[in-house]
>>> print(open('coords-v9.json').read())   # JSON, C-alpha atoms
[["chain", "number", "residue", "atom", "x", "y", "z"],
["A", 10, "MET", "CA", 5.57, 7.47, 43.96],
["A", 11, "ALA", "CA", 6.66, 4.23, 45.59],
["A", 12, "SER", "CA", 7.08, 1.16, 43.39],
["A", 13, "ASN", "CA", 4.48, -1.60, 43.70],
["A", 14, "THR", "CA", 6.62, -4.61, 44.61],
["A", 15, "LYS", "CA", 3.62, -6.93, 44.28],
["A", 16, "LEU", "CA", 2.77, -5.79, 40.75],
["A", 17, "PHE", "CA", 3.25, -9.24, 39.18],
["A", 18, "ASP", "CA", 2.15, -11.42, 42.10],
["A", 19, "GLY", "CA", -0.42, -13.96, 40.98],
["A", 20, "VAL", "CA", -0.11, -13.11, 37.26],
["A", 21, "VAL", "CA", 1.46, -16.42, 36.21],
["A", 22, "ILE", "CA", -1.00, -18.38, 38.37],
["A", 23, "PHE", "CA", -3.95, -16.48, 36.88],
["A", 24, "THR", "CA", -2.87, -17.12, 33.28],
["A", 25, "GLU", "CA", -2.31, -20.79, 34.07],
["A", 26, "VAL", "CA", -5.82, -21.13, 35.54],
["A", 27, "VAL", "CA", -7.30, -19.67, 32.35],
["A", 28, "LYS", "CA", -5.13, -21.82, 30.05],
["A", 29, "GLN", "CA", -5.85, -25.01, 32.00],
["A", 30, "GLY", "CA", -9.55, -24.24, 32.35],
["A", 31, "GLY", "CA", -9.78, -24.57, 36.12],
["A", 32, "PHE", "CA", -8.09, -24.44, 39.52],
["A", 33, "SER", "CA", -7.45, -28.18, 39.87],
["A", 34, "ALA", "CA", -5.86, -28.47, 36.44],
["A", 35, "ALA", "CA", -3.72, -25.39, 37.11],
["A", 36, "ALA", "CA", -2.65, -26.84, 40.44],
["A", 37, "GLU", "CA", -1.55, -30.06, 38.75],
["A", 38, "ALA", "CA", 0.29, -28.18, 36.01],
["A", 39, "THR", "CA", 2.17, -25.94, 38.43],
["A", 40, "GLY", "CA", 2.77, -28.42, 41.24],
["A", 41, "HIS", "CA", 0.77, -26.41, 43.79],
["A", 42, "SER", "CA", -2.31, -27.29, 45.78],
["A", 43, "THR", "CA", -5.74, -26.22, 44.56],
["A", 44, "SER", "CA", -6.23, -24.09, 47.68],
["A", 45, "TYR", "CA", -2.96, -22.23, 46.98],
["A", 46, "ILE", "CA", -4.06, -21.52, 43.39],
["A", 47, "SER", "CA", -7.44, -20.23, 44.58],
["A", 48, "LYS", "CA", -5.88, -18.00, 47.25],
["A", 49, "GLU", "CA", -3.43, -16.47, 44.75],
["A", 50, "VAL", "CA", -6.21, -15.59, 42.32],
["A", 51, "ASN", "CA", -8.33, -14.18, 45.18],
["A", 52, "LYS", "CA", -5.44, -11.98, 46.32],
["A", 53, "LEU", "CA", -4.86, -10.78, 42.75],
["A", 54, "GLU", "CA", -8.54, -9.82, 42.38],
["A", 55, "ALA", "CA", -8.49, -8.05, 45.74],
["A", 56, "ARG", "CA", -5.39, -6.09, 44.77],
["A", 57, "LEU", "CA", -6.89, -5.07, 41.42],
["A", 58, "GLY", "CA", -10.31, -4.36, 42.89],
["A", 59, "VAL", "CA", -12.13, -6.31, 40.13],
["A", 60, "ARG", "CA", -13.43, -9.83, 39.63],
["A", 61, "LEU", "CA", -11.43, -11.61, 36.96],
["A", 62, "LEU", "CA", -13.16, -15.00, 36.99],
["A", 63, "ASN", "CA", -16.76, -16.14, 37.31],
["A", 64, "ARG", "CA", -16.70, -19.42, 39.26],
["A", 65, "THR", "CA", -19.23, -22.23, 39.39],
["A", 66, "THR", "CA", -18.87, -25.67, 40.92],
["A", 67, "ARG", "CA", -18.05, -27.11, 37.50],
["A", 68, "SER", "CA", -16.34, -24.39, 35.52],
["A", 69, "ILE", "CA", -14.78, -20.96, 35.44],
["A", 70, "GLY", "CA", -15.19, -18.11, 32.96],
["A", 71, "LEU", "CA", -13.51, -14.79, 32.40],
["A", 72, "THR", "CA", -15.37, -11.62, 33.25],
["A", 73, "PRO", "CA", -15.16, -8.75, 30.70],
["A", 74, "GLU", "CA", -12.42, -7.18, 32.83],
["A", 75, "GLY", "CA", -10.78, -10.59, 33.14],
["A", 76, "LYS", "CA", -10.63, -11.00, 29.35],
["A", 77, "VAL", "CA", -8.77, -7.73, 28.92],
["A", 78, "TYR", "CA", -6.42, -8.40, 31.80],
["A", 79, "TYR", "CA", -5.73, -11.97, 30.66],
["A", 80, "GLN", "CA", -4.50, -10.83, 27.24],
["A", 81, "GLN", "CA", -2.18, -8.31, 28.89],
["A", 82, "CYS", "CA", -0.90, -10.86, 31.39],
["A", 83, "LEU", "CA", -0.38, -13.48, 28.71],
["A", 84, "GLN", "CA", 1.87, -11.11, 26.73],
["A", 85, "MET", "CA", 3.84, -10.26, 29.88],
["A", 86, "VAL", "CA", 4.43, -13.93, 30.62],
["A", 87, "LEU", "CA", 5.48, -14.64, 27.03],
["A", 88, "ASP", "CA", 7.88, -11.69, 27.05],
["A", 89, "ALA", "CA", 9.39, -12.85, 30.35],
["A", 90, "GLN", "CA", 9.81, -16.39, 29.02],
["A", 91, "GLN", "CA", 11.48, -15.10, 25.86],
["A", 92, "SER", "CA", 13.89, -12.93, 27.87],
["A", 93, "LEU", "CA", 14.79, -15.88, 30.06],
["A", 94, "GLY", "CA", 15.36, -18.03, 26.98],
["A", 95, "GLU", "CA", 17.66, -15.41, 25.46],
["A", 96, "ILE", "CA", 19.65, -15.14, 28.69],
["A", 97, "ASN", "CA", 20.03, -18.89, 28.94],
["A", 98, "GLN", "CA", 20.99, -19.17, 25.27],
["A", 99, "SER", "CA", 23.63, -16.46, 25.61],
["A", 100, "HIS", "CA", 25.63, -18.75, 27.92],
["A", 101, "VAL", "CA", 25.57, -21.70, 25.51],
["A", 102, "GLU", "CA", 28.59, -22.22, 23.28],
["A", 103, "PRO", "CA", 27.61, -22.07, 19.58],
["A", 104, "LYS", "CA", 27.72, -25.47, 17.91],
["A", 105, "GLY", "CA", 26.03, -27.55, 15.22],
["A", 106, "LEU", "CA", 25.29, -26.90, 11.54],
["A", 107, "LEU", "CA", 24.77, -23.30, 10.37],
["A", 108, "ARG", "CA", 23.28, -22.96, 6.88],
["A", 109, "ILE", "CA", 23.80, -19.60, 5.15],
["A", 110, "SER", "CA", 22.86, -18.29, 1.71],
["A", 111, "CYS", "CA", 24.63, -15.28, 0.21],
["A", 112, "PRO", "CA", 24.89, -13.64, -3.23],
["A", 113, "VAL", "CA", 28.08, -14.75, -5.00],
["A", 114, "SER", "CA", 29.54, -11.30, -5.63],
["A", 115, "PHE", "CA", 29.04, -10.05, -2.09],
["A", 116, "ALA", "CA", 30.45, -13.25, -0.63],
["A", 117, "LEU", "CA", 33.62, -13.13, -2.72],
["A", 118, "GLY", "CA", 34.28, -9.50, -1.93],
["A", 119, "TYR", "CA", 33.15, -9.12, 1.67],
["A", 120, "LEU", "CA", 32.02, -12.30, 3.43],
["A", 121, "GLN", "CA", 35.36, -14.10, 3.66],
["A", 122, "PRO", "CA", 36.78, -12.05, 6.61],
["A", 123, "ALA", "CA", 33.64, -12.78, 8.65],
["A", 124, "ILE", "CA", 33.77, -16.49, 7.78],
["A", 125, "SER", "CA", 37.44, -16.74, 8.75],
["A", 126, "ALA", "CA", 36.89, -14.98, 12.08],
["A", 127, "TYR", "CA", 33.81, -17.06, 12.85],
["A", 128, "MET", "CA", 35.56, -20.37, 12.17],
["A", 129, "GLN", "CA", 38.43, -19.44, 14.45],
["A", 130, "ARG", "CA", 36.16, -18.36, 17.32],
["A", 131, "TYR", "CA", 33.56, -21.11, 17.09],
["A", 132, "PRO", "CA", 35.21, -24.34, 15.90],
["A", 133, "GLU", "CA", 32.22, -26.46, 16.99],
["A", 134, "VAL", "CA", 29.99, -24.88, 14.34],
["A", 135, "GLN", "CA", 29.92, -26.52, 10.90],
["A", 136, "LEU", "CA", 29.22, -23.98, 8.15],
["A", 137, "ASP", "CA", 27.21, -24.83, 5.04],
["A", 138, "ILE", "CA", 27.40, -21.77, 2.76],
["A", 139, "ASP", "CA", 25.32, -21.57, -0.40],
["A", 140, "LEU", "CA", 26.70, -18.92, -2.76],
["A", 141, "ASN", "CA", 23.80, -18.27, -5.06],
["A", 142, "ASP", "CA", 22.23, -15.19, -6.62],
["A", 143, "ARG", "CA", 18.72, -16.67, -6.69],
["A", 144, "HIS", "CA", 16.08, -15.47, -4.24],
["A", 145, "VAL", "CA", 15.96, -18.37, -1.77],
["A", 146, "ASP", "CA", 13.16, -18.98, 0.72],
["A", 147, "VAL", "CA", 14.70, -18.78, 4.20],
["A", 148, "VAL", "CA", 12.24, -21.19, 5.82],
["A", 149, "GLN", "CA", 11.27, -23.59, 3.05],
["A", 150, "ASP", "CA", 14.83, -23.95, 1.76],
["A", 151, "GLY", "CA", 16.04, -24.68, 5.29],
["A", 152, "PHE", "CA", 18.49, -21.81, 5.83],
["A", 153, "ASP", "CA", 19.33, -20.43, 9.26],
["A", 154, "LEU", "CA", 20.00, -17.03, 7.77],
["A", 155, "VAL", "CA", 20.22, -15.39, 4.35],
["A", 156, "ILE", "CA", 22.12, -12.34, 3.15],
["A", 157, "ARG", "CA", 20.18, -10.10, 0.76],
["A", 158, "ALA", "CA", 21.36, -7.14, -1.31],
["A", 159, "THR", "CA", 18.46, -5.05, -2.57],
["A", 160, "GLN", "CA", 17.07, -1.57, -3.05],
["A", 161, "GLN", "CA", 13.73, -2.61, -1.55],
["A", 162, "LEU", "CA", 13.35, -5.45, 0.92],
["A", 163, "ASP", "CA", 9.92, -7.07, 0.88],
["A", 164, "GLU", "CA", 9.94, -9.72, 3.61],
["A", 165, "SER", "CA", 7.81, -8.37, 6.43],
["A", 166, "SER", "CA", 7.27, -11.80, 8.02],
["A", 167, "LEU", "CA", 11.00, -12.26, 8.61],
["A", 168, "ILE", "CA", 13.53, -10.47, 10.81],
["A", 169, "CYS", "CA", 15.80, -8.22, 8.72],
["A", 170, "ARG", "CA", 18.86, -6.33, 9.91],
["A", 171, "LYS", "CA", 20.78, -3.98, 7.62],
["A", 172, "PHE", "CA", 24.54, -4.16, 8.11],
["A", 173, "PHE", "CA", 26.02, -2.80, 4.88],
["A", 174, "SER", "CA", 25.12, -0.22, 2.26],
["A", 175, "CYS", "CA", 26.54, 0.86, -1.07],
["A", 176, "LYS", "CA", 25.45, 2.64, -4.24],
["A", 177, "GLY", "CA", 23.85, 1.22, -7.36],
["A", 178, "LEU", "CA", 25.94, 2.55, -10.26],
["A", 179, "THR", "CA", 25.33, 2.57, -14.00],
["A", 180, "VAL", "CA", 28.61, 1.68, -15.71],
["A", 181, "ALA", "CA", 30.27, 0.94, -19.03],
["A", 182, "THR", "CA", 33.83, 0.82, -20.33],
["A", 183, "PRO", "CA", 35.36, 3.96, -21.85],
["A", 184, "SER", "CA", 35.74, 2.02, -25.12],
["A", 185, "TYR", "CA", 32.00, 1.29, -25.30],
["A", 186, "LEU", "CA", 31.09, 4.89, -24.54],
["A", 187, "ASN", "CA", 33.56, 6.24, -27.10],
["A", 188, "LYS", "CA", 32.09, 3.95, -29.75],
["A", 189, "HIS", "CA", 28.37, 4.25, -28.96],
["A", 190, "GLY", "CA", 28.10, 7.62, -27.25],
["A", 191, "ARG", "CA", 27.73, 8.63, -23.63],
["A", 192, "PRO", "CA", 24.08, 8.89, -22.39],
["A", 193, "THR", "CA", 23.50, 12.09, -20.46],
["A", 194, "SER", "CA", 20.20, 10.98, -18.86],
["A", 195, "PRO", "CA", 18.69, 7.59, -17.94],
["A", 196, "GLN", "CA", 16.02, 8.09, -20.62],
["A", 197, "GLN", "CA", 18.74, 7.90, -23.28],
["A", 198, "LEU", "CA", 19.52, 4.31, -22.28],
["A", 199, "LYS", "CA", 16.83, 3.24, -24.78],
["A", 200, "ASN", "CA", 19.46, 3.75, -27.48],
["A", 201, "HIS", "CA", 22.02, 1.43, -25.88],
["A", 202, "THR", "CA", 22.77, -2.23, -25.23],
["A", 203, "CYS", "CA", 21.78, -2.95, -21.63],
["A", 204, "PHE", "CA", 22.34, -5.98, -19.39],
["A", 205, "SER", "CA", 19.75, -6.61, -16.67],
["A", 206, "TYR", "CA", 19.71, -8.66, -13.48],
["A", 207, "SER", "CA", 17.01, -11.31, -13.98],
["A", 208, "ASN", "CA", 16.37, -11.90, -10.26],
["A", 209, "HIS", "CA", 14.69, -8.51, -10.02],
["A", 210, "LYS", "CA", 10.89, -8.49, -10.30],
["A", 211, "VAL", "CA", 11.09, -6.35, -13.46],
["A", 212, "PRO", "CA", 14.68, -6.77, -14.67],
["A", 213, "ASN", "CA", 14.64, -4.07, -17.33],
["A", 214, "ARG", "CA", 13.05, -1.43, -15.08],
["A", 215, "TRP", "CA", 15.93, 0.50, -13.55],
["A", 216, "GLN", "CA", 15.49, 2.85, -10.61],
["A", 217, "TYR", "CA", 17.06, 6.30, -10.51],
["A", 218, "LYS", "CA", 16.86, 9.45, -8.42],
["A", 219, "SER", "CA", 16.23, 12.93, -9.75],
["A", 220, "SER", "CA", 18.53, 15.79, -8.79],
["A", 221, "ALA", "CA", 15.92, 16.57, -6.10],
["A", 222, "GLY", "CA", 16.28, 13.03, -4.70],
["A", 223, "LYS", "CA", 12.92, 11.71, -5.98],
["A", 224, "ASP", "CA", 12.79, 8.09, -7.18],
["A", 225, "TYR", "CA", 11.70, 7.30, -10.72],
["A", 226, "TYR", "CA", 11.99, 4.32, -13.10],
["A", 227, "VAL", "CA", 13.23, 3.89, -16.63],
["A", 228, "ASP", "CA", 12.50, 0.88, -18.85],
["A", 229, "VAL", "CA", 15.66, -0.03, -20.75],
["A", 230, "PRO", "CA", 16.10, -2.37, -23.74],
["A", 231, "GLN", "CA", 16.97, -5.80, -22.43],
["A", 232, "SER", "CA", 19.75, -7.09, -24.65],
["A", 233, "LEU", "CA", 20.54, -9.73, -22.04],
["A", 234, "ALA", "CA", 19.03, -10.80, -18.71],
["A", 235, "CYS", "CA", 21.24, -12.77, -16.36],
["A", 236, "ASN", "CA", 20.95, -14.00, -12.77],
["A", 237, "SER", "CA", 24.67, -13.40, -12.11],
["A", 238, "ALA", "CA", 26.01, -9.93, -11.41],
["A", 239, "GLN", "CA", 29.50, -11.26, -12.08],
["A", 240, "MET", "CA", 28.49, -12.30, -15.60],
["A", 241, "GLU", "CA", 26.97, -8.86, -16.19],
["A", 242, "LEU", "CA", 30.21, -7.27, -15.05],
["A", 243, "ALA", "CA", 32.29, -9.52, -17.31],
["A", 244, "LEU", "CA", 30.20, -8.55, -20.35],
["A", 245, "VAL", "CA", 30.46, -4.88, -19.48],
["A", 246, "LEU", "CA", 34.25, -5.19, -19.12],
["A", 247, "ASP", "CA", 34.33, -6.74, -22.58],
["A", 248, "GLY", "CA", 32.94, -3.45, -23.86],
["A", 249, "LEU", "CA", 29.62, -4.96, -24.97],
["A", 250, "GLY", "CA", 27.11, -2.77, -23.13],
["A", 251, "ILE", "CA", 25.86, -0.97, -20.04],
["A", 252, "ALA", "CA", 24.75, -2.41, -16.69],
["A", 253, "ARG", "CA", 23.53, -1.06, -13.39],
["A", 254, "LEU", "CA", 25.33, -2.92, -10.62],
["A", 255, "PRO", "CA", 25.95, -2.69, -6.87],
["A", 256, "GLU", "CA", 29.20, -0.94, -6.10],
["A", 257, "PHE", "CA", 30.48, -3.98, -4.16],
["A", 258, "VAL", "CA", 30.40, -6.10, -7.35],
["A", 259, "MET", "CA", 32.95, -3.93, -9.13],
["A", 260, "THR", "CA", 35.20, -2.48, -6.44],
["A", 261, "LYS", "CA", 38.38, -3.70, -8.15],
["A", 262, "ALA", "CA", 37.33, -2.68, -11.67],
["A", 263, "LEU", "CA", 36.43, 0.82, -10.46],
["A", 264, "ALA", "CA", 39.73, 1.17, -8.58],
["A", 265, "GLU", "CA", 41.64, 0.13, -11.70],
["A", 266, "GLN", "CA", 39.61, 2.63, -13.77],
["A", 267, "LYS", "CA", 38.39, -0.06, -16.15],
["A", 268, "LEU", "CA", 34.84, 1.26, -15.81],
["A", 269, "GLU", "CA", 33.27, 4.67, -16.16],
["A", 270, "VAL", "CA", 30.32, 5.63, -13.96],
["A", 271, "ILE", "CA", 27.50, 7.22, -15.94],
["A", 272, "PHE", "CA", 25.06, 9.87, -14.61],
["A", 273, "THR", "CA", 27.41, 11.17, -11.93],
["A", 274, "ASP", "CA", 25.29, 14.34, -11.78],
["A", 275, "LEU", "CA", 22.39, 12.34, -10.28],
["A", 276, "PRO", "CA", 22.22, 10.92, -6.74],
["A", 277, "ALA", "CA", 22.99, 7.18, -6.92],
["A", 278, "PRO", "CA", 20.30, 4.97, -5.32],
["A", 279, "ASP", "CA", 21.28, 3.00, -2.24],
["A", 280, "ILE", "CA", 21.59, -0.77, -2.32],
["A", 281, "ASP", "CA", 21.35, -2.14, 1.21],
["A", 282, "VAL", "CA", 22.61, -5.51, 2.39],
["A", 283, "TYR", "CA", 20.57, -7.30, 5.06],
["A", 284, "VAL", "CA", 20.90, -10.42, 7.14],
["A", 285, "VAL", "CA", 17.51, -12.13, 7.14],
["A", 286, "TYR", "CA", 16.38, -14.86, 9.55],
["A", 287, "PRO", "CA", 13.05, -16.38, 10.55],
["A", 288, "SER", "CA", 12.51, -15.22, 14.13],
["A", 289, "ARG", "CA", 13.97, -13.23, 17.00],
["A", 290, "LYS", "CA", 12.41, -15.61, 19.51],
["A", 291, "TYR", "CA", 14.91, -17.99, 21.10],
["A", 292, "LEU", "CA", 17.56, -17.11, 18.55],
["A", 293, "SER", "CA", 20.16, -19.87, 18.68],
["A", 294, "PRO", "CA", 23.72, -19.04, 19.79],
["A", 295, "LYS", "CA", 25.16, -20.08, 16.40],
["A", 296, "ILE", "CA", 22.95, -17.56, 14.55],
["A", 297, "ARG", "CA", 23.35, -14.77, 17.09],
["A", 298, "SER", "CA", 27.14, -15.14, 17.16],
["A", 299, "PHE", "CA", 27.40, -15.17, 13.35],
["A", 300, "ILE", "CA", 25.38, -11.96, 13.08],
["A", 301, "ASP", "CA", 27.68, -10.36, 15.67],
["A", 302, "VAL", "CA", 30.79, -11.36, 13.71],
["A", 303, "LEU", "CA", 29.22, -10.24, 10.43],
["A", 304, "VAL", "CA", 28.46, -6.78, 11.81],
["A", 305, "GLU", "CA", 31.93, -6.57, 13.36],
["A", 306, "LYS", "CA", 33.84, -7.53, 10.21],
["A", 307, "VAL", "CA", 31.69, -6.26, 7.36],
["A", 308, "ALA", "CA", 29.36, -3.46, 8.51],
["A", 309, "ASN", "CA", 30.04, 0.03, 7.19]]
>>> encode(input="coords-v9.json", output="structure tokens")
Amino acid sequence: MASNTKLFDGVVIFTEVVKQGGFSAAAEATGHSTSYISKEVNKLEARLGVRLLNRTTRSIGLTPEGKVYYQQCLQMVLDAQQSLGEINQSHVEPKGLLRISCPVSFALGYLQPAISAYMQRYPEVQLDIDLNDRHVDVVQDGFDLVIRATQQLDESSLICRKFFSCKGLTVATPSYLNKHGRPTSPQQLKNHTCFSYSNHKVPNRWQYKSSAGKDYYVDVPQSLACNSAQMELALVLDGLGIARLPEFVMTKALAEQKLEVIFTDLPAPDIDVYVVYPSRKYLSPKIRSFIDVLVEKVAN
């Protein structure tokens, strides 16, 4: 079947007539004559074989078929404009202020290589990095992008891209376990000192997976709630209790065998790390380039 090379002819003119509320206003907005606008709409209707507009001497109105077609055309025009904007933006050198928020522990362990590479490649961008474990609001707090580490991301109105994943591990020191006993199931945590991450919706409700891979939750005694994973880790390393932490928080301590992972017979739940930003539309070069470097240097 041969391609219809006139498929989009008249579409932009038609949508402009509807948006402007008439042929004369559309002509003024587009820089064409009124007769040209009218002819283009007539040719579009003839090609489609339907009337799109009801015309009077004073006004125009969409026919039922015109209403359906207008919504479709409007989306096509918006998509084309967005694509053009992205192409134009891709040729612009990143510059200006880039505000980023990232959890402290992830930043210290993983973000630095991406920051170093980005600064060397794009010297005209000024970075403002907020290392903070609190749950910031991307839009209201004025960030260009935010890095989130979570088991369940709940931000449907924002654009989220996963670029890193690790396990959530329940850990304690061998000295603590030798002194207080080694729990053999998550339910036995009720008999232990537990440190919880207060930024979670229910800090003392810890998620686990059964041997069959099914998620379930255990409420643990909350001896301490803290909004810093690093503080939790420090208390655990002092032999004071048990915590469930992202693997990236304790890479060094695990490598040096200062910690013992509990419940190794159960599948460890995933903790995913996302870059979160307000909109895909007309994404600025500074944000797009940072995401590219982040994926290049950090993604696993």
>>> residues_around(input="coords-v9.json", residues="Leu61 in chain A", least_positions_apart="5", cutoff="10 Å", atoms="all atoms listed in the file", output="PyMOL selection string")
chain A and resi 23+50-51+53-55+70-79
>>> residues_around(input="coords-v9.json", residues="Leu244 in chain A", least_positions_apart="4", cutoff="12 Å", atoms="only C-alpha atoms", output="JSON, numbers by chain")
{"A": [180, 181, 182, 185, 202, 203, 204, 205, 232, 233, 234, 235, 237, 238, 239, 240, 248, 249, 250, 251, 252, 268]}
>>> write_last_selection(input="coords-v9.json", atoms="C-alpha atoms", output="short mmCIF file (atom, residue, chain, number, x, y, z; two decimals), in the coordinates of the input")
data_model
loop_
_atom_site.label_atom_id
_atom_site.label_comp_id
_atom_site.auth_asym_id
_atom_site.auth_seq_id
_atom_site.Cartn_x
_atom_site.Cartn_y
_atom_site.Cartn_z
CA VAL A 180 28.61 1.68 -15.71
CA ALA A 181 30.27 0.94 -19.03
CA THR A 182 33.83 0.82 -20.33
CA TYR A 185 32.00 1.29 -25.30
CA THR A 202 22.77 -2.23 -25.23
CA CYS A 203 21.78 -2.95 -21.63
CA PHE A 204 22.34 -5.98 -19.39
CA SER A 205 19.75 -6.61 -16.67
CA SER A 232 19.75 -7.09 -24.65
CA LEU A 233 20.54 -9.73 -22.04
CA ALA A 234 19.03 -10.80 -18.71
CA CYS A 235 21.24 -12.77 -16.36
CA SER A 237 24.67 -13.40 -12.11
CA ALA A 238 26.01 -9.93 -11.41
CA GLN A 239 29.50 -11.26 -12.08
CA MET A 240 28.49 -12.30 -15.60
CA GLY A 248 32.94 -3.45 -23.86
CA LEU A 249 29.62 -4.96 -24.97
CA GLY A 250 27.11 -2.77 -23.13
CA ILE A 251 25.86 -0.97 -20.04
CA ALA A 252 24.75 -2.41 -16.69
CA LEU A 268 34.84 1.26 -15.81
#
>>> residues_around(input="coords-v9.json", residues="Ile156 in chain A", least_positions_apart="2", cutoff="9 Å", atoms="all atoms listed in the file", output="list of chain:residue names")
A:Ile109, A:Ser110, A:Cys111, A:Pro112, A:Phe115, A:Leu154, A:Ala158, A:Val282, A:Tyr283, A:Val284, A:Val285, A:Tyr286
>>> atom_distance(input="coords-v9.json", atom1="CA of Val86 in chain A", atom2="CA of Lys104 in chain A")
28.9 Å
>>> axis_aligned_box(input="coords-v9.json", around="range 104-110 of chain A", padding_each_side="4 Å", output="AutoDock Vina command-line options")
--center_x 25.3 --center_y -22.9 --center_z 9.8 --size_x 12.9 --size_y 17.3 --size_z 24.2
>>> closest_residue(input="coords-v9.json", among="A:Val21, A:Ala123, A:Asn208, A:Val245", to="Asp301 in chain A", atoms="all atoms listed in the file")
A:Ala123
>>> closest_residue(input="coords-v9.json", among="A:Gly31, A:Pro195, A:Gly118, A:Pro230", to="Ser47 in chain A", atoms="all atoms listed in the file")
A:Gly31
>>> atom_distance(input="coords-v9.json", atom1="CA of Leu275 in chain A", atom2="CA of Pro212 in chain A")
21.1 Å
>>> atom_distance(input="coords-v9.json", atom1="CA of Leu106 in chain A", atom2="CA of Leu136 in chain A")
6.0 Å
>>> residues_around(input="coords-v9.json", residues="Cys82 in chain A", least_positions_apart="6", cutoff="12 Å", atoms="only C-alpha atoms", output="number ranges by chain")
A: 16-25, 27-28, 61, 75-76, 88-89
>>> residues_around(input="coords-v9.json", residues="Lys199 in chain A", least_positions_apart="2", cutoff="7 Å", atoms="only C-alpha atoms", output="mmCIF file with C-alpha atoms, keeping the file's coordinate frame")
data_model
loop_
_atom_site.group_PDB
_atom_site.id
_atom_site.type_symbol
_atom_site.label_atom_id
_atom_site.label_comp_id
_atom_site.auth_asym_id
_atom_site.auth_seq_id
_atom_site.Cartn_x
_atom_site.Cartn_y
_atom_site.Cartn_z
ATOM 1 C CA GLN A 196 16.020 8.090 -20.620
ATOM 2 C CA GLN A 197 18.740 7.900 -23.280
ATOM 3 C CA HIS A 201 22.020 1.430 -25.880
ATOM 4 C CA VAL A 229 15.660 -0.030 -20.750
ATOM 5 C CA PRO A 230 16.100 -2.370 -23.740
#
>>> closest_residue(input="coords-v9.json", among="A:Thr159, A:Val113, A:Gly177, A:Glu37", to="Asp139 in chain A", atoms="only C-alpha atoms")
A:Val113
>>> closest_residue(input="coords-v9.json", among="A:Ser194, A:Asn200, A:Ser184, A:Gln135", to="Phe272 in chain A", atoms="all atoms listed in the file")
A:Ser194
>>> decode(input="coords-v9.json", residues="range 212-216 of chain A", atoms="all heavy atoms", output="mmCIF file, in the first residue's frame")
data_model
loop_
_atom_site.group_PDB
_atom_site.id
_atom_site.type_symbol
_atom_site.label_atom_id
_atom_site.label_comp_id
_atom_site.auth_asym_id
_atom_site.auth_seq_id
_atom_site.Cartn_x
_atom_site.Cartn_y
_atom_site.Cartn_z
ATOM 1 N N PRO A 212 7.938 3.203 60.033
ATOM 2 C CA PRO A 212 9.351 2.848 60.231
ATOM 3 C C PRO A 212 9.591 1.457 60.813
ATOM 4 O O PRO A 212 10.552 0.781 60.431
ATOM 5 C CB PRO A 212 9.845 3.935 61.197
ATOM 6 C CG PRO A 212 8.947 5.099 60.935
ATOM 7 C CD PRO A 212 7.614 4.502 60.653
ATOM 8 N N ASN A 213 8.734 1.025 61.722
ATOM 9 C CA ASN A 213 8.999 -0.260 62.379
ATOM 10 C C ASN A 213 8.319 -1.441 61.685
ATOM 11 O O ASN A 213 8.272 -2.539 62.227
ATOM 12 C CB ASN A 213 8.544 -0.206 63.842
ATOM 13 C CG ASN A 213 7.038 -0.105 63.983
ATOM 14 O OD1 ASN A 213 6.397 0.612 63.226
ATOM 15 N ND2 ASN A 213 6.478 -0.817 64.951
ATOM 16 N N ARG A 214 7.799 -1.201 60.485
ATOM 17 C CA ARG A 214 7.203 -2.298 59.698
ATOM 18 C C ARG A 214 8.188 -2.672 58.593
ATOM 19 O O ARG A 214 8.343 -1.955 57.611
ATOM 20 C CB ARG A 214 5.859 -1.875 59.112
ATOM 21 C CG ARG A 214 5.131 -2.984 58.364
ATOM 22 C CD ARG A 214 3.661 -2.647 58.212
ATOM 23 N NE ARG A 214 3.012 -2.655 59.524
ATOM 24 C CZ ARG A 214 1.805 -2.137 59.760
ATOM 25 N NH1 ARG A 214 1.115 -1.574 58.778
ATOM 26 N NH2 ARG A 214 1.291 -2.186 60.961
ATOM 27 N N TRP A 215 8.857 -3.784 58.779
ATOM 28 C CA TRP A 215 9.909 -4.206 57.855
ATOM 29 C C TRP A 215 9.378 -5.233 56.869
ATOM 30 O O TRP A 215 8.644 -6.149 57.241
ATOM 31 C CB TRP A 215 11.089 -4.786 58.633
ATOM 32 C CG TRP A 215 11.800 -3.770 59.489
ATOM 33 C CD1 TRP A 215 11.458 -2.470 59.704
ATOM 34 C CD2 TRP A 215 12.982 -4.003 60.267
ATOM 35 N NE1 TRP A 215 12.343 -1.863 60.548
ATOM 36 C CE2 TRP A 215 13.294 -2.776 60.913
ATOM 37 C CE3 TRP A 215 13.800 -5.103 60.475
ATOM 38 C CZ2 TRP A 215 14.396 -2.648 61.758
ATOM 39 C CZ3 TRP A 215 14.901 -4.973 61.316
ATOM 40 C CH2 TRP A 215 15.193 -3.754 61.946
ATOM 41 N N GLN A 216 9.772 -5.076 55.626
ATOM 42 C CA GLN A 216 9.294 -5.957 54.552
ATOM 43 C C GLN A 216 10.277 -7.105 54.316
ATOM 44 O O GLN A 216 11.491 -6.911 54.284
ATOM 45 C CB GLN A 216 9.122 -5.168 53.251
ATOM 46 C CG GLN A 216 8.596 -5.997 52.095
ATOM 47 C CD GLN A 216 8.408 -5.171 50.829
ATOM 48 O OE1 GLN A 216 8.546 -3.957 50.849
ATOM 49 N NE2 GLN A 216 8.109 -5.835 49.729
#
